[in-house]
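Student: Pasting run_6.cif here (mmCIF, C-alpha atoms):
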data_query
loop_
_atom_site.label_atom_id
_atom_site.label_comp_id
_atom_site.auth_asym_id
_atom_site.auth_seq_id
_atom_site.Cartn_x
_atom_site.Cartn_y
_atom_site.Cartn_z
CA MET A 3 25.57 -11.94 -24.05
CA ASN A 4 26.41 -8.23 -23.59
CA ILE A 5 27.16 -6.61 -20.22
CA LYS A 6 23.60 -5.28 -19.80
CA ASN A 7 22.11 -8.72 -20.39
CA GLU A 8 24.72 -10.31 -18.11
CA ILE A 9 23.75 -7.96 -15.27
CA THR A 10 20.05 -8.69 -15.79
CA ALA A 11 20.64 -12.44 -15.97
CA ALA A 12 22.83 -12.39 -12.85
CA GLY A 13 20.25 -10.32 -10.98
CA ILE A 14 17.38 -12.60 -11.96
CA LEU A 15 19.35 -15.69 -10.91
CA LEU A 16 20.50 -14.33 -7.55
CA ASN A 17 17.04 -12.93 -6.85
CA ALA A 18 15.39 -16.28 -7.60
CA CYS A 19 17.72 -18.33 -5.40
CA GLY A 20 17.37 -15.88 -2.48
CA ALA A 21 20.80 -14.28 -2.49
CA SER A 22 21.23 -10.90 -0.84
CA TYR A 23 21.67 -7.47 -2.36
CA LYS A 24 25.18 -7.40 -0.84
CA ILE A 25 26.22 -10.46 -2.85
CA PHE A 26 24.81 -9.02 -6.07
CA SER A 27 26.52 -5.70 -5.39
CA LYS A 28 29.84 -7.48 -4.70
CA LEU A 29 29.53 -9.36 -7.99
CA CYS A 30 28.90 -6.22 -10.04
CA GLU A 31 31.50 -4.07 -8.31
CA ASN A 32 34.38 -6.56 -8.16
CA TYR A 33 33.83 -9.00 -11.02
CA GLU A 34 32.17 -9.34 -14.39
CA PRO A 35 28.49 -10.33 -13.94
CA GLY A 36 29.05 -13.17 -16.40
CA ASP A 37 31.48 -14.71 -13.91
CA LEU A 38 28.43 -15.93 -11.98
CA PHE A 39 28.19 -18.80 -14.46
CA LYS A 40 31.66 -20.10 -13.47
CA GLY A 41 30.39 -21.86 -10.37
CA GLY A 42 32.61 -23.81 -7.97
CA ASN A 43 35.18 -21.82 -6.06
CA PHE A 44 33.95 -18.53 -7.47
CA TRP A 45 30.59 -18.95 -5.76
CA LYS A 46 32.33 -19.57 -2.44
CA GLU A 47 34.49 -16.49 -3.01
CA LEU A 48 31.35 -14.49 -3.71
CA GLY A 49 29.84 -15.57 -0.40
CA LEU A 50 27.14 -17.98 -1.50
CA ASN A 51 26.40 -20.69 1.07
CA LYS A 52 25.88 -24.34 0.12
CA ASN A 53 22.10 -24.11 -0.18
CA LEU A 54 22.28 -21.08 -2.45
CA GLN A 55 24.93 -22.78 -4.58
CA ILE A 56 22.66 -25.81 -5.07
CA LYS A 57 19.72 -23.60 -6.07
CA LEU A 58 21.86 -21.51 -8.40
CA ALA A 59 23.38 -24.56 -10.09
CA ALA A 60 19.92 -25.98 -10.82
CA LEU A 61 18.72 -22.66 -12.28
CA ILE A 62 21.76 -22.30 -14.53
CA GLU A 63 21.55 -25.90 -15.71
CA ASN A 64 17.93 -25.30 -16.73
CA HIS A 65 18.81 -22.05 -18.57
CA TRP A 66 16.30 -20.44 -16.23
CA ALA A 67 17.50 -16.83 -16.58
CA GLU A 68 16.95 -16.75 -20.36
CA LYS A 69 13.52 -18.34 -19.97
CA GLU A 70 12.51 -15.96 -17.18
CA ILE A 71 13.57 -12.87 -19.14
CA LEU A 72 11.45 -14.13 -22.03
CA ARG A 73 8.47 -14.81 -19.73
CA ALA A 74 8.65 -11.27 -18.39
CA GLU A 75 8.96 -9.75 -21.86
CA ASN A 76 6.00 -11.77 -23.16
CA PHE A 77 3.96 -10.42 -20.24
CA GLY A 78 4.97 -6.86 -21.10
CA ALA A 79 7.21 -6.54 -18.05
CA ARG A 80 10.89 -6.02 -17.37
CA PHE A 81 13.33 -6.85 -14.59
CA ILE A 82 15.38 -3.97 -13.22
CA THR A 83 18.39 -4.66 -11.04
CA ALA A 84 19.91 -2.56 -8.28
CA MET A 85 22.49 -1.43 -10.84
CA ASP A 86 19.88 0.11 -13.17
CA LEU A 87 19.20 3.85 -13.15
CA ASP A 88 15.45 3.37 -12.69
CA TYR A 89 15.91 1.24 -9.56
CA PRO A 90 14.48 3.40 -6.71
CA ALA A 91 17.39 4.79 -4.72
CA LYS A 92 15.24 4.89 -1.56
CA LEU A 93 15.15 1.09 -1.52
CA LYS A 94 18.81 1.06 -0.60
CA ASP A 95 17.88 2.54 2.78
CA LEU A 96 16.60 -0.94 3.68
CA SER A 97 18.86 -3.35 5.51
CA ASN A 98 18.00 -5.99 2.89
CA PRO A 99 17.10 -4.28 -0.40
CA PRO A 100 15.83 -6.49 -3.21
CA VAL A 101 18.35 -7.55 -5.84
CA GLY A 102 15.86 -6.33 -8.41
CA LEU A 103 12.22 -5.77 -9.26
CA TYR A 104 9.83 -6.98 -11.91
CA VAL A 105 7.97 -3.97 -13.25
CA LYS A 106 4.96 -3.72 -15.54
CA GLY A 107 3.70 -0.26 -16.45
CA ASN A 108 5.21 3.10 -17.23
CA ALA A 109 5.06 4.93 -13.91
CA ASN A 110 8.27 6.34 -12.47
CA ILE A 111 8.56 4.40 -9.22
CA SER A 112 11.23 6.77 -7.90
CA LEU A 113 8.99 9.86 -7.69
CA PRO A 114 7.79 11.27 -4.32
CA SER A 115 4.94 9.11 -3.10
CA VAL A 116 2.67 8.26 -0.19
CA ALA A 117 1.84 4.71 0.82
CA ILE A 118 -1.70 4.14 2.07
CA VAL A 119 -1.87 0.90 4.05
CA GLY A 120 -4.15 -0.87 6.49
CA THR A 121 -6.25 -3.89 7.22
CA ARG A 122 -8.11 -5.98 4.67
CA LYS A 123 -11.17 -6.13 6.97
CA CYS A 124 -11.57 -2.39 7.37
CA SER A 125 -14.51 -0.31 8.60
CA ASP A 126 -16.54 1.88 6.26
CA TYR A 127 -15.06 4.90 8.01
CA ALA A 128 -11.49 3.77 7.28
CA ARG A 129 -12.38 2.97 3.67
CA THR A 130 -13.75 6.50 3.27
CA ILE A 131 -10.57 8.03 4.72
CA ALA A 132 -8.33 5.94 2.45
CA THR A 133 -10.39 6.77 -0.63
CA ASN A 134 -10.55 10.51 -0.04
CA LEU A 135 -6.89 10.76 0.99
CA ALA A 136 -5.89 9.03 -2.25
CA LYS A 137 -8.11 11.42 -4.22
CA ALA A 138 -6.46 14.41 -2.58
CA LEU A 139 -2.98 13.08 -3.31
CA ALA A 140 -3.91 12.41 -6.93
CA GLN A 141 -5.12 15.99 -7.29
CA LYS A 142 -1.68 17.13 -6.14
CA ASN A 143 0.08 14.76 -8.58
CA ILE A 144 1.51 12.67 -5.75
CA THR A 145 1.88 8.95 -6.46
CA VAL A 146 -0.14 6.59 -4.26
CA ILE A 147 1.45 3.27 -3.30
CA SER A 148 -0.24 0.26 -1.75
CA GLY A 149 -0.29 -3.52 -1.86
CA GLY A 150 -3.25 -4.32 -4.10
CA ALA A 151 -5.02 -6.24 -1.32
CA ARG A 152 -8.64 -6.04 -0.20
CA GLY A 153 -9.79 -3.29 2.13
CA ILE A 154 -7.60 -0.24 2.65
CA ASP A 155 -5.20 -1.08 -0.20
CA SER A 156 -7.98 -1.31 -2.78
CA ALA A 157 -9.65 1.85 -1.47
CA GLY A 158 -6.40 3.78 -1.87
CA HIS A 159 -5.82 2.55 -5.42
CA ARG A 160 -9.43 3.21 -6.46
CA GLY A 161 -9.53 6.67 -4.91
CA CYS A 162 -6.37 7.67 -6.76
CA LEU A 163 -7.61 6.30 -10.08
CA SER A 164 -10.94 8.12 -9.72
CA GLU A 165 -8.97 11.39 -9.94
CA ASN A 166 -6.78 10.10 -12.81
CA GLY A 167 -3.81 9.87 -10.48
CA ILE A 168 -0.80 7.59 -10.65
CA THR A 169 -0.80 4.57 -8.36
CA ILE A 170 1.60 1.67 -7.88
CA ALA A 171 0.65 -1.77 -6.55
CA VAL A 172 3.36 -3.85 -4.90
CA PHE A 173 2.49 -7.54 -5.21
CA GLY A 174 3.28 -10.33 -2.79
CA THR A 175 3.09 -12.70 -5.76
CA GLY A 176 4.56 -12.72 -9.23
CA ILE A 177 3.31 -9.75 -11.25
CA ASP A 178 1.49 -12.13 -13.59
CA GLN A 179 -0.74 -13.42 -10.77
CA VAL A 180 -4.15 -11.90 -9.97
CA TYR A 181 -4.48 -11.93 -6.19
CA PRO A 182 -7.11 -11.37 -4.95
CA VAL A 183 -9.05 -12.47 -8.03
CA GLU A 184 -11.79 -9.87 -7.56
CA ASN A 185 -9.23 -7.12 -8.18
CA ARG A 186 -8.53 -8.19 -11.77
CA ASP A 187 -10.25 -5.10 -13.21
CA LEU A 188 -8.56 -2.86 -10.64
CA PHE A 189 -5.10 -4.12 -11.62
CA ALA A 190 -5.89 -3.52 -15.29
CA ARG A 191 -6.83 0.07 -14.44
CA ILE A 192 -3.66 0.52 -12.38
CA LEU A 193 -1.57 -0.45 -15.40
CA ASP A 194 -3.29 2.29 -17.42
CA ARG A 195 -2.16 4.96 -14.95
CA GLY A 196 0.72 3.45 -13.00
CA ALA A 197 2.61 0.24 -12.46
CA ILE A 198 2.62 -3.14 -10.78
CA ILE A 199 5.89 -4.31 -9.23
CA SER A 200 7.17 -7.36 -7.37
CA GLU A 201 10.48 -8.93 -6.43
CA PHE A 202 9.06 -12.44 -6.84
CA PRO A 203 9.65 -14.44 -10.05
CA MET A 204 6.95 -14.87 -12.64
CA GLY A 205 4.32 -17.41 -11.65
CA THR A 206 4.95 -17.11 -7.88
CA GLY A 207 1.76 -17.79 -5.92
CA GLY A 208 0.29 -16.03 -2.91
CA GLU A 209 1.80 -17.84 0.07
CA SER A 210 1.12 -15.86 3.25
CA TRP A 211 4.78 -15.51 4.26
CA ARG A 212 5.53 -13.51 1.12
CA PHE A 213 3.37 -10.55 2.09
CA PRO A 214 5.46 -9.31 5.04
CA THR A 215 8.43 -9.56 2.67
CA ARG A 216 6.44 -7.51 0.14
CA ASN A 217 5.68 -4.87 2.76
CA ARG A 218 9.31 -3.81 3.00
CA ILE A 219 9.20 -2.87 -0.68
CA ILE A 220 6.20 -0.62 0.01
CA LEU A 221 7.96 1.21 2.83
CA GLY A 222 11.19 1.26 0.87
CA ILE A 223 9.87 3.11 -2.18
CA ALA A 224 7.39 5.38 -0.37
CA SER A 225 8.35 8.84 0.84
CA ARG A 226 5.70 8.72 3.58
CA ILE A 227 3.38 6.06 4.99
CA VAL A 228 -0.18 6.55 6.24
CA VAL A 229 -1.64 3.70 8.29
CA VAL A 230 -5.39 4.17 8.10
CA GLU A 231 -6.64 1.29 10.23
CA SER A 232 -4.89 -1.81 11.59
CA PRO A 233 -5.15 -4.28 14.45
CA GLU A 234 -2.02 -4.90 16.50
CA GLY A 235 -0.90 -7.92 14.51
CA GLY A 236 -1.70 -6.51 11.08
CA GLY A 237 0.75 -6.45 8.19
CA ALA A 238 0.45 -2.66 8.05
CA MET A 239 2.05 -2.55 11.51
CA HIS A 240 5.16 -4.29 10.20
CA THR A 241 5.25 -1.81 7.33
CA ALA A 242 4.94 1.16 9.68
CA ARG A 243 7.53 -0.07 12.18
CA GLY A 244 9.97 -0.88 9.42
CA ALA A 245 9.46 2.61 8.04
CA LEU A 246 10.11 4.20 11.43
CA GLU A 247 13.33 2.19 11.76
CA ILE A 248 14.78 3.68 8.58
CA GLY A 249 13.52 7.19 9.30
CA ARG A 250 10.52 7.32 7.01
CA GLU A 251 7.68 9.62 8.01
CA VAL A 252 4.76 7.56 9.33
CA TRP A 253 1.27 8.91 10.00
CA SER A 254 -1.45 7.03 11.85
CA VAL A 255 -5.19 7.66 11.81
CA PRO A 256 -6.46 7.42 15.41
CA GLY A 257 -9.48 5.22 16.06
CA ARG A 258 -11.79 4.27 18.90
CA ILE A 259 -9.91 2.57 21.73
CA THR A 260 -12.75 0.05 22.08
CA ASP A 261 -12.30 -1.25 18.50
CA SER A 262 -9.73 -4.03 18.07
CA VAL A 263 -9.28 -3.05 14.42
CA CYS A 264 -7.85 0.30 15.59
CA ARG A 265 -5.51 -0.93 18.31
CA GLY A 266 -2.52 -1.10 16.03
CA THR A 267 -2.93 2.38 14.61
CA ASN A 268 -3.49 3.80 18.08
CA ARG A 269 -0.39 2.04 19.40
CA LEU A 270 1.71 3.52 16.58
CA LEU A 271 0.96 6.98 17.97
CA GLY A 272 3.05 6.06 21.01
CA GLU A 273 5.84 4.60 18.89
CA GLY A 274 6.76 7.67 16.87
CA ALA A 275 4.04 7.98 14.25
CA LYS A 276 2.50 11.37 13.58
CA VAL A 277 -1.18 11.91 14.33
CA PHE A 278 -3.29 12.05 11.18
CA LEU A 279 -5.89 14.65 12.10
CA GLY A 280 -7.30 15.38 8.67
CA ILE A 281 -6.69 15.17 4.96
CA ASN A 282 -6.17 18.91 4.51
CA ASP A 283 -3.57 19.03 7.30
CA PHE A 284 -1.73 16.08 5.82
CA ILE A 285 -1.72 17.50 2.28
CA GLU A 286 -0.43 20.81 3.65
CA SER A 287 2.39 18.94 5.41
CA VAL A 288 3.31 17.07 2.22
CA THR A 289 3.11 19.99 -0.20
CA GLY A 290 3.92 22.91 2.11
CA ASN A 291 1.05 24.71 0.44
CA LYS A 292 -1.89 26.00 2.46
CA GLN A 293 -3.82 27.10 -0.64
CA PHE A 294 -5.31 24.01 -2.15
CA ASP A 295 -8.73 22.93 -3.31
CA LEU A 296 -9.79 19.35 -2.78
CA ASN A 297 -12.55 18.70 -5.31
CA PHE A 298 -14.34 15.49 -4.42
CA ASP A 299 -17.40 14.52 -6.42
CA ALA A 300 -20.93 14.80 -5.09
CA GLU A 301 -21.06 11.17 -4.04
CA ASP A 302 -18.19 11.71 -1.64
CA SER A 303 -19.38 15.11 -0.40
CA ARG A 304 -22.89 14.17 0.58
CA THR A 305 -22.59 15.77 4.00
CA GLU A 306 -22.72 19.18 2.38
CA SER A 307 -25.33 18.53 -0.30
CA VAL A 308 -27.72 16.44 1.82
CA ALA A 309 -27.49 18.06 5.26
CA PRO A 310 -29.72 21.07 4.39
CA LYS A 311 -32.51 18.63 3.41
CA LEU A 312 -32.49 16.83 6.74
CA THR A 313 -35.29 17.20 9.26
CA ASP A 314 -34.54 19.05 12.49
CA GLU A 315 -34.39 15.73 14.37
CA GLU A 316 -32.01 14.22 11.81
CA LYS A 317 -29.77 17.28 12.01
CA ILE A 318 -29.58 16.94 15.80
CA ILE A 319 -28.63 13.27 15.62
CA TYR A 320 -26.20 13.76 12.75
CA SER A 321 -24.49 16.58 14.64
CA LEU A 322 -24.09 14.33 17.69
CA LEU A 323 -22.50 11.58 15.62
CA GLN A 324 -20.17 14.00 13.83
CA ARG A 325 -18.78 15.15 17.17
CA GLN A 326 -18.26 11.65 18.52
CA GLY A 327 -19.32 8.39 16.94
CA GLY A 328 -19.84 4.96 18.42
CA ARG A 329 -23.16 5.84 20.09
CA THR A 330 -26.03 3.40 20.55
CA ALA A 331 -29.65 4.42 19.94
CA ASP A 332 -30.18 4.53 23.71
CA GLU A 333 -27.23 6.89 24.18
CA ILE A 334 -28.49 9.09 21.36
CA SER A 335 -31.91 9.19 23.03
CA ILE A 336 -30.41 10.38 26.32
CA GLU A 337 -28.26 13.07 24.69
CA SER A 338 -30.78 14.34 22.15
CA LYS A 339 -33.87 14.04 24.40
CA LEU A 340 -35.78 12.74 21.38
CA ASP A 341 -38.22 9.82 21.62
CA PHE A 342 -37.00 6.40 20.57
CA VAL A 343 -39.34 6.02 17.57
CA THR A 344 -38.17 9.34 16.12
CA ILE A 345 -34.54 8.31 16.66
CA GLN A 346 -34.99 4.95 14.93
CA GLU A 347 -36.64 6.57 11.91
CA ALA A 348 -33.94 9.26 11.72
CA LEU A 349 -31.14 6.69 11.98
CA MET A 350 -32.64 4.65 9.14
CA ASN A 351 -32.89 7.74 6.94
CA LEU A 352 -29.36 8.92 7.72
CA GLU A 353 -27.94 5.46 7.06
CA ALA A 354 -29.86 5.21 3.78
CA GLU A 355 -28.32 8.52 2.69
CA GLY A 356 -24.85 7.19 3.50
CA LEU A 357 -24.24 9.84 6.16
CA ILE A 358 -23.87 7.39 9.04
CA MET A 359 -22.91 3.76 9.46
CA ASN A 360 -24.01 1.09 11.88
CA SER A 361 -21.35 -1.17 13.38
CA SER A 362 -22.83 -3.77 15.75
CA GLY A 363 -25.52 -1.38 16.97
CA ARG A 364 -23.23 1.63 17.33
CA TYR A 365 -23.64 4.56 14.96
CA SER A 366 -20.98 6.90 13.60
CA ALA A 367 -20.81 9.59 10.92
CA THR A 368 -19.14 8.27 7.75
CA ALA A 369 -16.95 11.33 7.22
#
Would you encode the structure as structure tokens?
Tutor:
Amino acid sequence: MNIKNEITAAGILLNACGASYKIFSKLCENYEPGDLFKGGNFWKELGLNKNLQIKLAALIENHWAEKEILRAENFGARFITAMDLDYPAKLKDLSNPPVGLYVKGNANISLPSVAIVGTRKCSDYARTIATNLAKALAQKNITVISGGARGIDSAGHRGCLSENGITIAVFGTGIDQVYPVENRDLFARILDRGAIISEFPMGTGGESWRFPTRNRIILGIASRIVVVESPEGGGAMHTARGALEIGREVWSVPGRITDSVCRGTNRLLGEGAKVFLGINDFIESVTGNKQFDLNFDAEDSRTESVAPKLTDEEKIIYSLLQRQGGRTADEISIESKLDFVTIQEALMNLEAEGLIMNSSGRYSATA
């Protein structure tokens, strides 16, 4: 086994048994990586506790490293350790960087990037923001990072891919697992234009505790984080707070104070996150360029193409909801001074056109 293979094998073994980056770094800097197979007193000298020694001994006895490298290769993936040149340097800003990462795809995971994160049970408004932000970033050749989950994550990946951008999904499972199953086609498309990465061994399932662990990888490799929508206890909050702790730039999209799904993102604004006031402003901040042209397709720009065809009553109502959403039909009636039948008909037409959305009887503009 040559030195490169010894480093990979040592990294895979220490990663699988839960050893820290510090232990792996100590091994590579002070010893030969192949020394890991000596066992006994050497493991104590390296700093492995009894539990880790038991796990490591079982893995070595089963020739697990060789088998795992082969499993990854057969899947078209590779394992990069913290000693490899393509290991993202930004990850080492974490207090507990991963020993290594499984990577499938050809995207450079060290390039400047923006993570788009948020709740799985997101509003239509938040999904629209995530999609269009990802499109804008793709148009500027900025990599989009997210977690491959339902809701905001999927919207970010899909928006980026719709503009032929590069996107990276960070899994909370092994990279050979499809979770959630409905995103199978999405993950295949991501591999065409980006990469899927994970620190978890091949075949690892989707236990809930793994996803907060996964989130630190997202914040570790991203240059900036945008939290689009999140309740107070959401995983995106852990991502954002972890990012703030290591000095990453965090942006939060403000939401209605009456909506529990927005309480986390609103709270972040008091904890050091920047206020996300619009896609153009954010892109200008990222690129430093005021002269840019965000070309969204007609389906995502319906406010411009459909608005001239609206009736006078529909224009009045739509204008009200653009200024401030969350209005009931009764509130719209008071403000617009239109009769209730006209309002109901206009609301149905506007919703059918995709210009507004109805959330528990309260109407808001979709963009």
Student: Compile the contact shell of region 337-352 of chain A as an NGL selection string: residues with an atom at most 8 Å away, counting only C-alpha atoms, same-chain residues fewer than 6 positions apart removed.
Tutor: :A and (315-316 or 318-320 or 331 or 358)
Student: Return as a ChimeraX atom specification the set of residues that the PyMOL selection byres ((chain A and resi 203-214) around 10) yields on the displayed structure.
Tutor: /A:14-15,17-18,70-71,73-74,77,79,81,103-104,149,172-182,200-202,215-219,236-241
Student: Expressed in Å to a single decimal, how great is the separation between CA of Gly107 (chain A) and CA of Thr289 (chain A)?
Tutor: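 So the answer is 26.0 Å.
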Student: When you draw a straight line from CA of Ile154 (chain A) to CA of Ile118 (chain A), how long is it in Å?
Tutor: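 Here the two named atoms are 7.4 Å from each other.
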Student: Given the choices A:Glu353, A:Asp95, A:Asp86, A:Asp332, which gets closest to Ile9 (chain A) if the distance is worked out from all atoms listed in the file?
Tutor: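 Nearest to Ile9 (chain A): A:Asp86.
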Student: Using all atoms listed in the file, what table do you get, as JSON lines, when you list each residue of region 28-121 of chain A with an atom no more than 12 Å from region 262-272 of chain A, its nearest pair of atoms, and their distance in Å rounded to one decimal, rows by chain then rising number?
Tutor:
{"residue": "A:Val119", "atom": "CA", "partner": "A:Thr267", "partner_atom": "CA", "distance": 10.7}
{"residue": "A:Gly120", "atom": "CA", "partner": "A:Thr267", "partner_atom": "CA", "distance": 8.8}
{"residue": "A:Thr121", "atom": "CA", "partner": "A:Val263", "partner_atom": "CA", "distance": 7.9}
Student: For Gln141 (chain A), find every residue with an atom within 12 Å (counting all atoms listed in the file), except residues of its own chain fewer than 2 positions away, and show them as an mmCIF file with C-alpha atoms, in the coordinates of the input.
Tutor:
data_model
loop_
_atom_site.group_PDB
_atom_site.id
_atom_site.type_symbol
_atom_site.label_atom_id
_atom_site.label_comp_id
_atom_site.auth_asym_id
_atom_site.auth_seq_id
_atom_site.Cartn_x
_atom_site.Cartn_y
_atom_site.Cartn_z
ATOM 1 C CA ASN A 134 -10.550 10.510 -0.040
ATOM 2 C CA LEU A 135 -6.890 10.760 0.990
ATOM 3 C CA ALA A 136 -5.890 9.030 -2.250
ATOM 4 C CA LYS A 137 -8.110 11.420 -4.220
ATOM 5 C CA ALA A 138 -6.460 14.410 -2.580
ATOM 6 C CA LEU A 139 -2.980 13.080 -3.310
ATOM 7 C CA ASN A 143 0.080 14.760 -8.580
ATOM 8 C CA ILE A 144 1.510 12.670 -5.750
ATOM 9 C CA THR A 145 1.880 8.950 -6.460
ATOM 10 C CA VAL A 146 -0.140 6.590 -4.260
ATOM 11 C CA GLY A 161 -9.530 6.670 -4.910
ATOM 12 C CA CYS A 162 -6.370 7.670 -6.760
ATOM 13 C CA LEU A 163 -7.610 6.300 -10.080
ATOM 14 C CA SER A 164 -10.940 8.120 -9.720
ATOM 15 C CA GLU A 165 -8.970 11.390 -9.940
ATOM 16 C CA ASN A 166 -6.780 10.100 -12.810
ATOM 17 C CA GLY A 167 -3.810 9.870 -10.480
ATOM 18 C CA ILE A 168 -0.800 7.590 -10.650
ATOM 19 C CA ILE A 285 -1.720 17.500 2.280
ATOM 20 C CA THR A 289 3.110 19.990 -0.200
ATOM 21 C CA PHE A 294 -5.310 24.010 -2.150
ATOM 22 C CA ASP A 295 -8.730 22.930 -3.310
ATOM 23 C CA LEU A 296 -9.790 19.350 -2.780
ATOM 24 C CA ASN A 297 -12.550 18.700 -5.310
ATOM 25 C CA PHE A 298 -14.340 15.490 -4.420
#
Student: Run the PyMOL selection byres ((chain A and resi 22) around 12) mentally over the shown coordinates, then write out the matched residues as a PyMOL selection string, using the chain letters and numbers from the document.
Tutor: chain A and resi 13-21+23-29+48-51+54+84+96-102
Student: Can you list what the PyMOL selection byres ((chain A and resi 220-227) around 6) grabs from this structure, as a PyMOL selection string?
Tutor: chain A and resi 92-93+114-117+217-219+228+245+251-252
Student: Mind giving me the straight-line distance from CA of Arg329 (chain A) to CA of Ala132 (chain A) in Å, one decimal?
Tutor: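 About the pair CA of Arg329 (chain A) and CA of Ala132 (chain A): they are 23.0 Å apart.
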Student: Quick one: residues within 9 Å of region 124-130 of chain A, all atoms listed in the file, excluding same-chain residues fewer than 2 positions away - as an NGL selection string?
Tutor: :A and (120-122 or 132-135 or 152-154 or 156-158 or 230-232 or 255 or 263 or 302 or 359 or 361 or 366-369)
Student: Pick out the residues sitting within 12 Å of Ala190 (chain A), and hand them over as a list in words; count only C-alpha atoms, and ignore anything fewer than 5 positions along from it in its own chain.
Tutor: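 Residues meeting the cut-off are Lys106, Gly107, Gly150, His159, Arg160, Leu163, Thr169, Ile170, Ala171, Ile177, Asp178, Val180, Val183, Glu184, Asn185, Arg195, Gly196, Ala197 and Ile198 of chain A.
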